[in-house]
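Asker: Below is start.cif; it holds mmCIF, N, CA and C atoms.
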```
data_data
loop_
_atom_site.label_atom_id
_atom_site.label_comp_id
_atom_site.auth_asym_id
_atom_site.auth_seq_id
_atom_site.Cartn_x
_atom_site.Cartn_y
_atom_site.Cartn_z
N MET A 1 44.30 -104.63 -52.92
CA MET A 1 45.41 -103.69 -53.07
C MET A 1 45.67 -103.00 -51.74
N ASP A 2 46.92 -103.00 -51.33
CA ASP A 2 47.32 -102.32 -50.11
C ASP A 2 47.58 -100.86 -50.47
N MET A 3 46.58 -100.02 -50.30
CA MET A 3 46.67 -98.63 -50.74
C MET A 3 47.50 -97.80 -49.77
N LYS A 4 48.28 -96.91 -50.34
CA LYS A 4 49.07 -95.96 -49.55
C LYS A 4 48.75 -94.55 -50.01
N ARG A 5 48.96 -93.62 -49.12
CA ARG A 5 48.73 -92.21 -49.44
C ARG A 5 49.75 -91.75 -50.48
N LEU A 6 49.26 -91.04 -51.48
CA LEU A 6 50.14 -90.52 -52.52
C LEU A 6 50.74 -89.18 -52.12
N PRO A 7 52.01 -88.96 -52.47
CA PRO A 7 52.56 -87.62 -52.31
C PRO A 7 51.76 -86.62 -53.17
N ASP A 8 51.80 -85.36 -52.79
CA ASP A 8 50.99 -84.34 -53.46
C ASP A 8 51.19 -84.30 -54.98
N ALA A 9 52.42 -84.37 -55.43
CA ALA A 9 52.68 -84.28 -56.87
C ALA A 9 52.08 -85.47 -57.62
N GLU A 10 52.24 -86.67 -57.07
CA GLU A 10 51.66 -87.85 -57.71
C GLU A 10 50.13 -87.78 -57.69
N LEU A 11 49.58 -87.23 -56.63
CA LEU A 11 48.13 -87.05 -56.57
C LEU A 11 47.65 -86.10 -57.67
N GLU A 12 48.41 -85.07 -57.95
CA GLU A 12 48.04 -84.15 -59.04
C GLU A 12 48.03 -84.86 -60.38
N VAL A 13 48.97 -85.77 -60.60
CA VAL A 13 48.98 -86.55 -61.84
C VAL A 13 47.74 -87.43 -61.90
N MET A 14 47.41 -88.07 -60.76
CA MET A 14 46.21 -88.91 -60.73
C MET A 14 44.96 -88.08 -60.98
N LYS A 15 44.88 -86.90 -60.40
CA LYS A 15 43.70 -86.05 -60.62
C LYS A 15 43.54 -85.74 -62.11
N ALA A 16 44.65 -85.46 -62.76
CA ALA A 16 44.60 -85.19 -64.20
C ALA A 16 44.13 -86.43 -64.96
N LEU A 17 44.64 -87.60 -64.59
CA LEU A 17 44.23 -88.84 -65.26
C LEU A 17 42.76 -89.15 -65.01
N TRP A 18 42.31 -88.94 -63.79
CA TRP A 18 40.89 -89.17 -63.51
C TRP A 18 40.02 -88.26 -64.36
N GLU A 19 40.47 -87.04 -64.54
CA GLU A 19 39.72 -86.07 -65.34
C GLU A 19 39.74 -86.45 -66.82
N LEU A 20 40.89 -86.86 -67.31
CA LEU A 20 41.05 -87.16 -68.74
C LEU A 20 40.51 -88.53 -69.13
N GLY A 21 40.53 -89.46 -68.19
CA GLY A 21 39.99 -90.79 -68.46
C GLY A 21 41.04 -91.77 -68.95
N PRO A 22 40.57 -92.99 -69.26
CA PRO A 22 41.50 -94.04 -69.67
C PRO A 22 42.16 -93.75 -71.01
N ASP A 23 43.28 -94.41 -71.22
CA ASP A 23 44.05 -94.30 -72.47
C ASP A 23 44.41 -92.85 -72.81
N THR A 24 44.94 -92.16 -71.81
CA THR A 24 45.39 -90.79 -72.01
C THR A 24 46.84 -90.80 -72.50
N SER A 25 47.09 -90.08 -73.58
CA SER A 25 48.45 -90.02 -74.11
C SER A 25 49.33 -89.16 -73.20
N ARG A 26 50.61 -89.41 -73.29
CA ARG A 26 51.58 -88.66 -72.48
C ARG A 26 51.52 -87.16 -72.83
N SER A 27 51.34 -86.83 -74.10
CA SER A 27 51.30 -85.41 -74.50
C SER A 27 50.05 -84.73 -73.95
N ARG A 28 48.93 -85.43 -74.00
CA ARG A 28 47.69 -84.85 -73.46
C ARG A 28 47.79 -84.65 -71.95
N LEU A 29 48.40 -85.60 -71.28
CA LEU A 29 48.61 -85.48 -69.84
C LEU A 29 49.54 -84.32 -69.54
N GLY A 30 50.58 -84.16 -70.33
CA GLY A 30 51.51 -83.04 -70.16
C GLY A 30 50.82 -81.70 -70.28
N GLU A 31 49.89 -81.60 -71.23
CA GLU A 31 49.12 -80.36 -71.39
C GLU A 31 48.26 -80.09 -70.15
N ALA A 32 47.64 -81.12 -69.61
CA ALA A 32 46.79 -80.95 -68.44
C ALA A 32 47.61 -80.54 -67.21
N LEU A 33 48.87 -80.96 -67.16
CA LEU A 33 49.73 -80.65 -66.01
C LEU A 33 50.59 -79.41 -66.22
N GLU A 34 50.38 -78.73 -67.33
CA GLU A 34 51.17 -77.55 -67.68
C GLU A 34 51.23 -76.49 -66.57
N PRO A 35 50.14 -76.23 -65.83
CA PRO A 35 50.20 -75.21 -64.78
C PRO A 35 51.26 -75.46 -63.70
N PHE A 36 51.73 -76.71 -63.59
CA PHE A 36 52.74 -77.02 -62.58
C PHE A 36 54.16 -76.74 -63.05
N HIS A 37 54.34 -76.52 -64.35
CA HIS A 37 55.65 -76.22 -64.93
C HIS A 37 56.67 -77.32 -64.63
N TRP A 38 56.22 -78.58 -64.66
CA TRP A 38 57.13 -79.69 -64.45
C TRP A 38 57.82 -80.05 -65.75
N ALA A 39 59.07 -80.42 -65.66
CA ALA A 39 59.81 -80.89 -66.83
C ALA A 39 59.22 -82.23 -67.27
N PRO A 40 59.30 -82.55 -68.55
CA PRO A 40 58.78 -83.83 -69.03
C PRO A 40 59.33 -85.03 -68.26
N ASN A 41 60.62 -85.00 -67.94
CA ASN A 41 61.21 -86.11 -67.19
C ASN A 41 60.60 -86.25 -65.80
N THR A 42 60.21 -85.14 -65.20
CA THR A 42 59.57 -85.16 -63.89
C THR A 42 58.23 -85.88 -63.98
N ILE A 43 57.45 -85.54 -65.00
CA ILE A 43 56.15 -86.19 -65.19
C ILE A 43 56.35 -87.68 -65.44
N ASN A 44 57.35 -88.03 -66.24
CA ASN A 44 57.64 -89.44 -66.51
C ASN A 44 58.00 -90.18 -65.22
N THR A 45 58.75 -89.53 -64.35
CA THR A 45 59.12 -90.14 -63.07
C THR A 45 57.87 -90.39 -62.23
N TYR A 46 56.97 -89.40 -62.16
CA TYR A 46 55.73 -89.57 -61.40
C TYR A 46 54.89 -90.71 -61.98
N LEU A 47 54.81 -90.79 -63.31
CA LEU A 47 54.04 -91.86 -63.94
C LEU A 47 54.66 -93.23 -63.65
N ALA A 48 55.97 -93.32 -63.68
CA ALA A 48 56.64 -94.59 -63.37
C ALA A 48 56.36 -95.00 -61.93
N ARG A 49 56.41 -94.05 -61.01
CA ARG A 49 56.12 -94.36 -59.61
C ARG A 49 54.68 -94.82 -59.44
N LEU A 50 53.75 -94.13 -60.11
CA LEU A 50 52.34 -94.51 -60.02
C LEU A 50 52.10 -95.90 -60.61
N ALA A 51 52.81 -96.23 -61.66
CA ALA A 51 52.69 -97.56 -62.25
C ALA A 51 53.25 -98.61 -61.29
N GLU A 52 54.38 -98.33 -60.65
CA GLU A 52 54.97 -99.25 -59.67
C GLU A 52 54.01 -99.49 -58.50
N LYS A 53 53.27 -98.48 -58.12
CA LYS A 53 52.32 -98.57 -57.00
C LYS A 53 50.97 -99.14 -57.44
N SER A 54 50.85 -99.49 -58.71
CA SER A 54 49.61 -100.04 -59.29
C SER A 54 48.45 -99.05 -59.26
N PHE A 55 48.75 -97.78 -59.37
CA PHE A 55 47.71 -96.76 -59.49
C PHE A 55 47.40 -96.48 -60.97
N VAL A 56 48.37 -96.79 -61.85
CA VAL A 56 48.26 -96.45 -63.26
C VAL A 56 48.72 -97.64 -64.09
N SER A 57 48.03 -97.87 -65.20
CA SER A 57 48.51 -98.86 -66.17
C SER A 57 49.08 -98.10 -67.37
N VAL A 58 50.05 -98.73 -68.01
CA VAL A 58 50.68 -98.15 -69.20
C VAL A 58 50.53 -99.15 -70.33
N ARG A 59 50.04 -98.64 -71.45
CA ARG A 59 49.86 -99.48 -72.63
C ARG A 59 50.52 -98.78 -73.81
N ARG A 60 51.36 -99.53 -74.50
CA ARG A 60 52.07 -98.98 -75.66
C ARG A 60 51.21 -99.18 -76.91
N GLU A 61 50.97 -98.09 -77.63
CA GLU A 61 50.25 -98.17 -78.90
C GLU A 61 51.06 -97.41 -79.93
N GLN A 62 51.59 -98.15 -80.89
CA GLN A 62 52.51 -97.61 -81.88
C GLN A 62 53.68 -96.95 -81.15
N LYS A 63 53.84 -95.65 -81.26
CA LYS A 63 54.98 -94.98 -80.61
C LYS A 63 54.56 -94.19 -79.38
N THR A 64 53.34 -94.43 -78.90
CA THR A 64 52.80 -93.63 -77.80
C THR A 64 52.44 -94.51 -76.62
N ASN A 65 52.77 -94.02 -75.42
CA ASN A 65 52.30 -94.66 -74.20
C ASN A 65 50.94 -94.08 -73.84
N LEU A 66 50.02 -94.96 -73.49
CA LEU A 66 48.69 -94.54 -73.05
C LEU A 66 48.54 -94.94 -71.58
N TYR A 67 48.09 -93.99 -70.78
CA TYR A 67 47.99 -94.18 -69.33
C TYR A 67 46.52 -94.22 -68.92
N SER A 68 46.22 -95.15 -68.01
CA SER A 68 44.87 -95.28 -67.48
C SER A 68 44.93 -95.42 -65.97
N PRO A 69 44.03 -94.75 -65.26
CA PRO A 69 43.98 -94.94 -63.81
C PRO A 69 43.47 -96.34 -63.47
N LEU A 70 44.09 -96.98 -62.51
CA LEU A 70 43.65 -98.29 -62.04
C LEU A 70 42.88 -98.19 -60.73
N VAL A 71 43.00 -97.06 -60.08
CA VAL A 71 42.31 -96.82 -58.81
C VAL A 71 41.22 -95.80 -59.06
N ASP A 72 40.02 -96.12 -58.65
CA ASP A 72 38.88 -95.23 -58.81
C ASP A 72 39.04 -93.99 -57.92
N ARG A 73 38.70 -92.84 -58.46
CA ARG A 73 38.82 -91.58 -57.73
C ARG A 73 38.08 -91.62 -56.39
N GLU A 74 36.84 -92.06 -56.39
CA GLU A 74 36.03 -92.06 -55.16
C GLU A 74 36.62 -92.99 -54.11
N ILE A 75 37.14 -94.13 -54.55
CA ILE A 75 37.75 -95.08 -53.61
C ILE A 75 38.99 -94.45 -52.98
N TYR A 76 39.82 -93.78 -53.79
CA TYR A 76 41.01 -93.15 -53.23
C TYR A 76 40.63 -92.01 -52.29
N LEU A 77 39.67 -91.19 -52.67
CA LEU A 77 39.27 -90.06 -51.82
C LEU A 77 38.69 -90.54 -50.49
N ALA A 78 37.93 -91.63 -50.52
CA ALA A 78 37.40 -92.19 -49.27
C ALA A 78 38.55 -92.69 -48.39
N PHE A 79 39.52 -93.37 -49.00
CA PHE A 79 40.70 -93.84 -48.27
C PHE A 79 41.46 -92.66 -47.66
N GLU A 80 41.71 -91.65 -48.48
CA GLU A 80 42.46 -90.47 -48.03
C GLU A 80 41.72 -89.74 -46.91
N SER A 81 40.41 -89.62 -47.04
CA SER A 81 39.61 -88.94 -46.02
C SER A 81 39.67 -89.68 -44.69
N ARG A 82 39.52 -91.00 -44.75
CA ARG A 82 39.57 -91.80 -43.52
C ARG A 82 40.94 -91.66 -42.86
N LYS A 83 42.01 -91.73 -43.65
CA LYS A 83 43.36 -91.61 -43.10
C LYS A 83 43.57 -90.23 -42.46
N ALA A 84 43.07 -89.19 -43.11
CA ALA A 84 43.21 -87.83 -42.56
C ALA A 84 42.45 -87.71 -41.24
N VAL A 85 41.25 -88.23 -41.19
CA VAL A 85 40.46 -88.18 -39.94
C VAL A 85 41.18 -88.95 -38.84
N GLU A 86 41.68 -90.14 -39.16
CA GLU A 86 42.39 -90.94 -38.15
C GLU A 86 43.66 -90.23 -37.68
N ARG A 87 44.40 -89.65 -38.61
CA ARG A 87 45.66 -88.98 -38.29
C ARG A 87 45.43 -87.74 -37.44
N LEU A 88 44.41 -86.96 -37.77
CA LEU A 88 44.19 -85.69 -37.08
C LEU A 88 43.30 -85.80 -35.85
N TYR A 89 42.32 -86.73 -35.88
CA TYR A 89 41.32 -86.75 -34.81
C TYR A 89 41.22 -88.09 -34.09
N GLY A 90 41.77 -89.14 -34.64
CA GLY A 90 41.70 -90.44 -34.01
C GLY A 90 40.47 -91.24 -34.40
N SER A 91 39.34 -90.58 -34.61
CA SER A 91 38.11 -91.29 -34.97
C SER A 91 37.13 -90.32 -35.64
N PRO A 92 36.17 -90.85 -36.38
CA PRO A 92 35.14 -89.99 -36.98
C PRO A 92 34.34 -89.22 -35.92
N ARG A 93 34.09 -89.86 -34.78
CA ARG A 93 33.35 -89.19 -33.70
C ARG A 93 34.10 -87.95 -33.22
N ASN A 94 35.40 -88.08 -33.00
CA ASN A 94 36.19 -86.93 -32.55
C ASN A 94 36.22 -85.83 -33.61
N PHE A 95 36.26 -86.24 -34.87
CA PHE A 95 36.23 -85.26 -35.96
C PHE A 95 34.93 -84.48 -35.94
N LEU A 96 33.80 -85.19 -35.86
CA LEU A 96 32.50 -84.51 -35.84
C LEU A 96 32.34 -83.64 -34.60
N ALA A 97 32.85 -84.10 -33.47
CA ALA A 97 32.77 -83.30 -32.25
C ALA A 97 33.55 -82.00 -32.41
N ALA A 98 34.74 -82.08 -32.98
CA ALA A 98 35.54 -80.87 -33.21
C ALA A 98 34.85 -79.95 -34.21
N PHE A 99 34.29 -80.54 -35.24
CA PHE A 99 33.59 -79.78 -36.26
C PHE A 99 32.37 -79.09 -35.66
N ALA A 100 31.64 -79.81 -34.82
CA ALA A 100 30.42 -79.27 -34.20
C ALA A 100 30.74 -78.14 -33.23
N ARG A 101 31.88 -78.21 -32.56
CA ARG A 101 32.26 -77.13 -31.63
C ARG A 101 32.39 -75.79 -32.33
N GLU A 102 32.74 -75.84 -33.60
CA GLU A 102 32.85 -74.60 -34.38
C GLU A 102 31.48 -74.07 -34.76
N GLY A 103 30.46 -74.86 -34.54
CA GLY A 103 29.10 -74.42 -34.82
C GLY A 103 28.60 -74.89 -36.17
N LEU A 104 27.53 -75.62 -36.15
CA LEU A 104 26.89 -76.09 -37.37
C LEU A 104 25.53 -75.41 -37.51
N ARG A 105 25.22 -75.00 -38.72
CA ARG A 105 23.90 -74.44 -38.98
C ARG A 105 22.87 -75.57 -38.95
N ARG A 106 21.65 -75.23 -38.70
CA ARG A 106 20.57 -76.22 -38.65
C ARG A 106 20.53 -77.04 -39.93
N GLU A 107 20.70 -76.38 -41.09
CA GLU A 107 20.66 -77.10 -42.37
C GLU A 107 21.78 -78.14 -42.45
N GLU A 108 22.95 -77.78 -41.94
CA GLU A 108 24.07 -78.72 -41.97
C GLU A 108 23.80 -79.93 -41.07
N LEU A 109 23.24 -79.69 -39.90
CA LEU A 109 22.88 -80.79 -39.01
C LEU A 109 21.84 -81.70 -39.67
N GLU A 110 20.85 -81.10 -40.32
CA GLU A 110 19.83 -81.90 -41.00
C GLU A 110 20.44 -82.73 -42.13
N GLU A 111 21.40 -82.14 -42.85
CA GLU A 111 22.07 -82.88 -43.92
C GLU A 111 22.84 -84.07 -43.35
N LEU A 112 23.53 -83.85 -42.22
CA LEU A 112 24.27 -84.95 -41.59
C LEU A 112 23.33 -86.04 -41.10
N ARG A 113 22.21 -85.64 -40.49
CA ARG A 113 21.22 -86.64 -40.04
C ARG A 113 20.69 -87.45 -41.22
N SER A 114 20.40 -86.77 -42.29
CA SER A 114 19.89 -87.45 -43.48
C SER A 114 20.94 -88.42 -44.05
N LEU A 115 22.18 -87.99 -44.07
CA LEU A 115 23.26 -88.85 -44.55
C LEU A 115 23.39 -90.10 -43.68
N ILE A 116 23.36 -89.92 -42.37
CA ILE A 116 23.46 -91.06 -41.45
C ILE A 116 22.27 -92.00 -41.64
N ASP A 117 21.08 -91.44 -41.79
CA ASP A 117 19.89 -92.27 -42.04
C ASP A 117 20.05 -93.07 -43.33
N ASP A 118 20.55 -92.41 -44.38
CA ASP A 118 20.76 -93.09 -45.67
C ASP A 118 21.80 -94.21 -45.53
N LEU A 119 22.87 -93.93 -44.82
CA LEU A 119 23.92 -94.93 -44.63
C LEU A 119 23.39 -96.13 -43.85
N GLU A 120 22.63 -95.87 -42.81
CA GLU A 120 22.05 -96.96 -42.03
C GLU A 120 21.06 -97.75 -42.87
N GLY A 121 20.27 -97.07 -43.68
CA GLY A 121 19.30 -97.74 -44.54
C GLY A 121 19.99 -98.65 -45.56
N ASN A 122 21.12 -98.20 -46.11
CA ASN A 122 21.86 -99.01 -47.07
C ASN A 122 22.48 -100.24 -46.42
N ARG A 123 22.91 -100.12 -45.20
CA ARG A 123 23.53 -101.25 -44.51
C ARG A 123 22.49 -102.28 -44.08
N LEU A 124 21.33 -101.77 -43.66
CA LEU A 124 20.29 -102.66 -43.15
C LEU A 124 19.42 -103.23 -44.27
N GLY A 125 19.33 -102.47 -45.38
CA GLY A 125 18.42 -102.87 -46.46
C GLY A 125 18.99 -103.74 -47.43
#
```
Represent the structure of the file as structure tokens.

Answerer:
Amino acid sequence: MDMKRLPDAELEVMKALWELGPDTSRSRLGEALEPFHWAPNTINTYLARLAEKSFVSVRREQKTNLYSPLVDREIYLAFESRKAVERLYGSPRNFLAAFAREGLRREELEELRSLIDDLEGNRLG
């Protein structure tokens, strides 16, 4: 799948679907998105766009559409994080250098070292 960055509103719909899980009814999704005060047609438009982009599947059951996320939350967040780092810093190294200039506590440095060790162990092991 050629993944693209989602606009903020569509990402909010995906976040709700990830939280609610597969086969979420349109009414249940509407309740979860209530804080945004979107009209029902607006939510339907976002769902149609997400389906076109292959982020969401739609299954008709009796008189109800059931929506399921097709893209895993962690996979999308990793994609989004990498794109943000590339867009803002050019590389992970530049990102960490900028982050480190602001000052890292010893515990944070140890956590990063441990993470790097774990990542290297997974690749080599």

Asker: How many Å lie between atom N of Arg5 in chain A and atom C of Phe79 in chain A, rounded to one decimal?

Answerer: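 These atoms are spaced 7.7 Å apart.
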
Asker: Leaving out range 32-44 of chain A and any residue of its chain fewer than 4 positions from it, which residues lie within 8 Å of it when counting only N, CA and C atoms, given as a PyMOL selection string?

Answerer: chain A and resi 12-13+16-17+26-28+48-50

Asker: Mind pulling up the distance from CA of Glu10 in chain A to CA of Leu47 in chain A?

Answerer: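 Answer for the CA of Leu47 in chain A to CA of Glu10 in chain A separation: 7.8 Å.
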
Asker: Identify which of the residues A:Glu107, A:Asp2, A:Glu31, A:Asp23 lies closest to Ser68 in chain A, counting only N, CA and C atoms when measuring atom-to-atom distances.

Answerer: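 With only N, CA and C atoms as the atom set, the closest residue is A:Asp23.
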
Asker: So, counting all atoms listed in the file, which residue among A:Lys4, A:Trp18, A:Arg93, A:Ala51 is closest to Asp72 in chain A?

Answerer: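 For Asp72 in chain A, the nearest of the given residues is A:Trp18.
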
Asker: Just asking: which residues within range 10-73 of chain A are alpha helix (DSSP H) according to DSSP, as a PDB file with N, CA and C atoms, in the frame of the given file?

Answerer:
```
ATOM      1  N   GLU A  10      52.240 -86.670 -57.070  1.00  0.00           N
ATOM      2  CA  GLU A  10      51.660 -87.850 -57.710  1.00  0.00           C
ATOM      3  C   GLU A  10      50.130 -87.780 -57.690  1.00  0.00           C
ATOM      4  N   LEU A  11      49.580 -87.230 -56.630  1.00  0.00           N
ATOM      5  CA  LEU A  11      48.130 -87.050 -56.570  1.00  0.00           C
ATOM      6  C   LEU A  11      47.650 -86.100 -57.670  1.00  0.00           C
ATOM      7  N   GLU A  12      48.410 -85.070 -57.950  1.00  0.00           N
ATOM      8  CA  GLU A  12      48.040 -84.150 -59.040  1.00  0.00           C
ATOM      9  C   GLU A  12      48.030 -84.860 -60.380  1.00  0.00           C
ATOM     10  N   VAL A  13      48.970 -85.770 -60.600  1.00  0.00           N
ATOM     11  CA  VAL A  13      48.980 -86.550 -61.840  1.00  0.00           C
ATOM     12  C   VAL A  13      47.740 -87.430 -61.900  1.00  0.00           C
ATOM     13  N   MET A  14      47.410 -88.070 -60.760  1.00  0.00           N
ATOM     14  CA  MET A  14      46.210 -88.910 -60.730  1.00  0.00           C
ATOM     15  C   MET A  14      44.960 -88.080 -60.980  1.00  0.00           C
ATOM     16  N   LYS A  15      44.880 -86.900 -60.400  1.00  0.00           N
ATOM     17  CA  LYS A  15      43.700 -86.050 -60.620  1.00  0.00           C
ATOM     18  C   LYS A  15      43.540 -85.740 -62.110  1.00  0.00           C
ATOM     19  N   ALA A  16      44.650 -85.460 -62.760  1.00  0.00           N
ATOM     20  CA  ALA A  16      44.600 -85.190 -64.200  1.00  0.00           C
ATOM     21  C   ALA A  16      44.130 -86.430 -64.960  1.00  0.00           C
ATOM     22  N   LEU A  17      44.640 -87.600 -64.590  1.00  0.00           N
ATOM     23  CA  LEU A  17      44.230 -88.840 -65.260  1.00  0.00           C
ATOM     24  C   LEU A  17      42.760 -89.150 -65.010  1.00  0.00           C
ATOM     25  N   TRP A  18      42.310 -88.940 -63.790  1.00  0.00           N
ATOM     26  CA  TRP A  18      40.890 -89.170 -63.510  1.00  0.00           C
ATOM     27  C   TRP A  18      40.020 -88.260 -64.360  1.00  0.00           C
ATOM     28  N   GLU A  19      40.470 -87.040 -64.540  1.00  0.00           N
ATOM     29  CA  GLU A  19      39.720 -86.070 -65.340  1.00  0.00           C
ATOM     30  C   GLU A  19      39.740 -86.450 -66.820  1.00  0.00           C
ATOM     31  N   LEU A  20      40.890 -86.860 -67.310  1.00  0.00           N
ATOM     32  CA  LEU A  20      41.050 -87.160 -68.740  1.00  0.00           C
ATOM     33  C   LEU A  20      40.510 -88.530 -69.130  1.00  0.00           C
ATOM     34  N   ARG A  26      50.610 -89.410 -73.290  1.00  0.00           N
ATOM     35  CA  ARG A  26      51.580 -88.660 -72.480  1.00  0.00           C
ATOM     36  C   ARG A  26      51.520 -87.160 -72.830  1.00  0.00           C
ATOM     37  N   SER A  27      51.340 -86.830 -74.100  1.00  0.00           N
ATOM     38  CA  SER A  27      51.300 -85.410 -74.500  1.00  0.00           C
ATOM     39  C   SER A  27      50.050 -84.730 -73.950  1.00  0.00           C
ATOM     40  N   ARG A  28      48.930 -85.430 -74.000  1.00  0.00           N
ATOM     41  CA  ARG A  28      47.690 -84.850 -73.460  1.00  0.00           C
ATOM     42  C   ARG A  28      47.790 -84.650 -71.950  1.00  0.00           C
ATOM     43  N   LEU A  29      48.400 -85.600 -71.280  1.00  0.00           N
ATOM     44  CA  LEU A  29      48.610 -85.480 -69.840  1.00  0.00           C
ATOM     45  C   LEU A  29      49.540 -84.320 -69.540  1.00  0.00           C
ATOM     46  N   GLY A  30      50.580 -84.160 -70.330  1.00  0.00           N
ATOM     47  CA  GLY A  30      51.510 -83.040 -70.160  1.00  0.00           C
ATOM     48  C   GLY A  30      50.820 -81.700 -70.280  1.00  0.00           C
ATOM     49  N   GLU A  31      49.890 -81.600 -71.230  1.00  0.00           N
ATOM     50  CA  GLU A  31      49.120 -80.360 -71.390  1.00  0.00           C
ATOM     51  C   GLU A  31      48.260 -80.090 -70.150  1.00  0.00           C
ATOM     52  N   ALA A  32      47.640 -81.120 -69.610  1.00  0.00           N
ATOM     53  CA  ALA A  32      46.790 -80.950 -68.440  1.00  0.00           C
ATOM     54  C   ALA A  32      47.610 -80.540 -67.210  1.00  0.00           C
ATOM     55  N   PRO A  40      59.300 -82.550 -68.550  1.00  0.00           N
ATOM     56  CA  PRO A  40      58.780 -83.830 -69.030  1.00  0.00           C
ATOM     57  C   PRO A  40      59.330 -85.030 -68.260  1.00  0.00           C
ATOM     58  N   ASN A  41      60.620 -85.000 -67.940  1.00  0.00           N
ATOM     59  CA  ASN A  41      61.210 -86.110 -67.190  1.00  0.00           C
ATOM     60  C   ASN A  41      60.600 -86.250 -65.800  1.00  0.00           C
ATOM     61  N   THR A  42      60.210 -85.140 -65.200  1.00  0.00           N
ATOM     62  CA  THR A  42      59.570 -85.160 -63.890  1.00  0.00           C
ATOM     63  C   THR A  42      58.230 -85.880 -63.980  1.00  0.00           C
ATOM     64  N   ILE A  43      57.450 -85.540 -65.000  1.00  0.00           N
ATOM     65  CA  ILE A  43      56.150 -86.190 -65.190  1.00  0.00           C
ATOM     66  C   ILE A  43      56.350 -87.680 -65.440  1.00  0.00           C
ATOM     67  N   ASN A  44      57.350 -88.030 -66.240  1.00  0.00           N
ATOM     68  CA  ASN A  44      57.640 -89.440 -66.510  1.00  0.00           C
ATOM     69  C   ASN A  44      58.000 -90.180 -65.220  1.00  0.00           C
ATOM     70  N   THR A  45      58.750 -89.530 -64.350  1.00  0.00           N
ATOM     71  CA  THR A  45      59.120 -90.140 -63.070  1.00  0.00           C
ATOM     72  C   THR A  45      57.870 -90.390 -62.230  1.00  0.00           C
ATOM     73  N   TYR A  46      56.970 -89.400 -62.160  1.00  0.00           N
ATOM     74  CA  TYR A  46      55.730 -89.570 -61.400  1.00  0.00           C
ATOM     75  C   TYR A  46      54.890 -90.710 -61.980  1.00  0.00           C
ATOM     76  N   LEU A  47      54.810 -90.790 -63.310  1.00  0.00           N
ATOM     77  CA  LEU A  47      54.040 -91.860 -63.940  1.00  0.00           C
ATOM     78  C   LEU A  47      54.660 -93.230 -63.650  1.00  0.00           C
ATOM     79  N   ALA A  48      55.970 -93.320 -63.680  1.00  0.00           N
ATOM     80  CA  ALA A  48      56.640 -94.590 -63.370  1.00  0.00           C
ATOM     81  C   ALA A  48      56.360 -95.000 -61.930  1.00  0.00           C
ATOM     82  N   ARG A  49      56.410 -94.050 -61.010  1.00  0.00           N
ATOM     83  CA  ARG A  49      56.120 -94.360 -59.610  1.00  0.00           C
ATOM     84  C   ARG A  49      54.680 -94.820 -59.440  1.00  0.00           C
ATOM     85  N   LEU A  50      53.750 -94.130 -60.110  1.00  0.00           N
ATOM     86  CA  LEU A  50      52.340 -94.510 -60.020  1.00  0.00           C
ATOM     87  C   LEU A  50      52.100 -95.900 -60.610  1.00  0.00           C
ATOM     88  N   ALA A  51      52.810 -96.230 -61.660  1.00  0.00           N
ATOM     89  CA  ALA A  51      52.690 -97.560 -62.250  1.00  0.00           C
ATOM     90  C   ALA A  51      53.250 -98.610 -61.290  1.00  0.00           C
ATOM     91  N   GLU A  52      54.380 -98.330 -60.650  1.00  0.00           N
ATOM     92  CA  GLU A  52      54.970 -99.250 -59.670  1.00  0.00           C
ATOM     93  C   GLU A  52      54.010 -99.490 -58.500  1.00  0.00           C
ATOM     94  N   ARG A  73      38.700 -92.840 -58.460  1.00  0.00           N
ATOM     95  CA  ARG A  73      38.820 -91.580 -57.730  1.00  0.00           C
ATOM     96  C   ARG A  73      38.080 -91.620 -56.390  1.00  0.00           C
TER      97      ARG A  73
END
```

Asker: Just give me the gap between atom N of Pro69 in chain A and atom C of Ala9 in chain A in Å, one decimal is fine.

Answerer: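 It comes out at 14.5 Å.
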
Asker: Quick one: what's the axis-aligned box for range 32-44 of chain A, all listed atoms, 4 Å on every side, centre and edges in Å to one decimal, as AutoDock Vina command-line options?

Answerer:
```
--center_x 54.0 --center_y -82.7 --center_z -66.1 --size_x 22.4 --size_y 23.0 --size_z 15.0
```

Asker: Run DSSP on the backbone and give me the residues of range 33-95 of chain A it puts in strand (DSSP E), as an MDAnalysis selection string.

Answerer: chainID A and resid 56:61 64:69

Asker: Those selected residues, please, written with N, CA and C atoms and delivered as a short mmCIF file (atom, residue, chain, number, x, y, z; two decimals), in the frame of the given file.

Answerer:
```cif
data_model
loop_
_atom_site.label_atom_id
_atom_site.label_comp_id
_atom_site.auth_asym_id
_atom_site.auth_seq_id
_atom_site.Cartn_x
_atom_site.Cartn_y
_atom_site.Cartn_z
N VAL A 56 48.37 -96.79 -61.85
CA VAL A 56 48.26 -96.45 -63.26
C VAL A 56 48.72 -97.64 -64.09
N SER A 57 48.03 -97.87 -65.20
CA SER A 57 48.51 -98.86 -66.17
C SER A 57 49.08 -98.10 -67.37
N VAL A 58 50.05 -98.73 -68.01
CA VAL A 58 50.68 -98.15 -69.20
C VAL A 58 50.53 -99.15 -70.33
N ARG A 59 50.04 -98.64 -71.45
CA ARG A 59 49.86 -99.48 -72.63
C ARG A 59 50.52 -98.78 -73.81
N ARG A 60 51.36 -99.53 -74.50
CA ARG A 60 52.07 -98.98 -75.66
C ARG A 60 51.21 -99.18 -76.91
N GLU A 61 50.97 -98.09 -77.63
CA GLU A 61 50.25 -98.17 -78.90
C GLU A 61 51.06 -97.41 -79.93
N THR A 64 53.34 -94.43 -78.90
CA THR A 64 52.80 -93.63 -77.80
C THR A 64 52.44 -94.51 -76.62
N ASN A 65 52.77 -94.02 -75.42
CA ASN A 65 52.30 -94.66 -74.20
C ASN A 65 50.94 -94.08 -73.84
N LEU A 66 50.02 -94.96 -73.49
CA LEU A 66 48.69 -94.54 -73.05
C LEU A 66 48.54 -94.94 -71.58
N TYR A 67 48.09 -93.99 -70.78
CA TYR A 67 47.99 -94.18 -69.33
C TYR A 67 46.52 -94.22 -68.92
N SER A 68 46.22 -95.15 -68.01
CA SER A 68 44.87 -95.28 -67.48
C SER A 68 44.93 -95.42 -65.97
N PRO A 69 44.03 -94.75 -65.26
CA PRO A 69 43.98 -94.94 -63.81
C PRO A 69 43.47 -96.34 -63.47
#
```
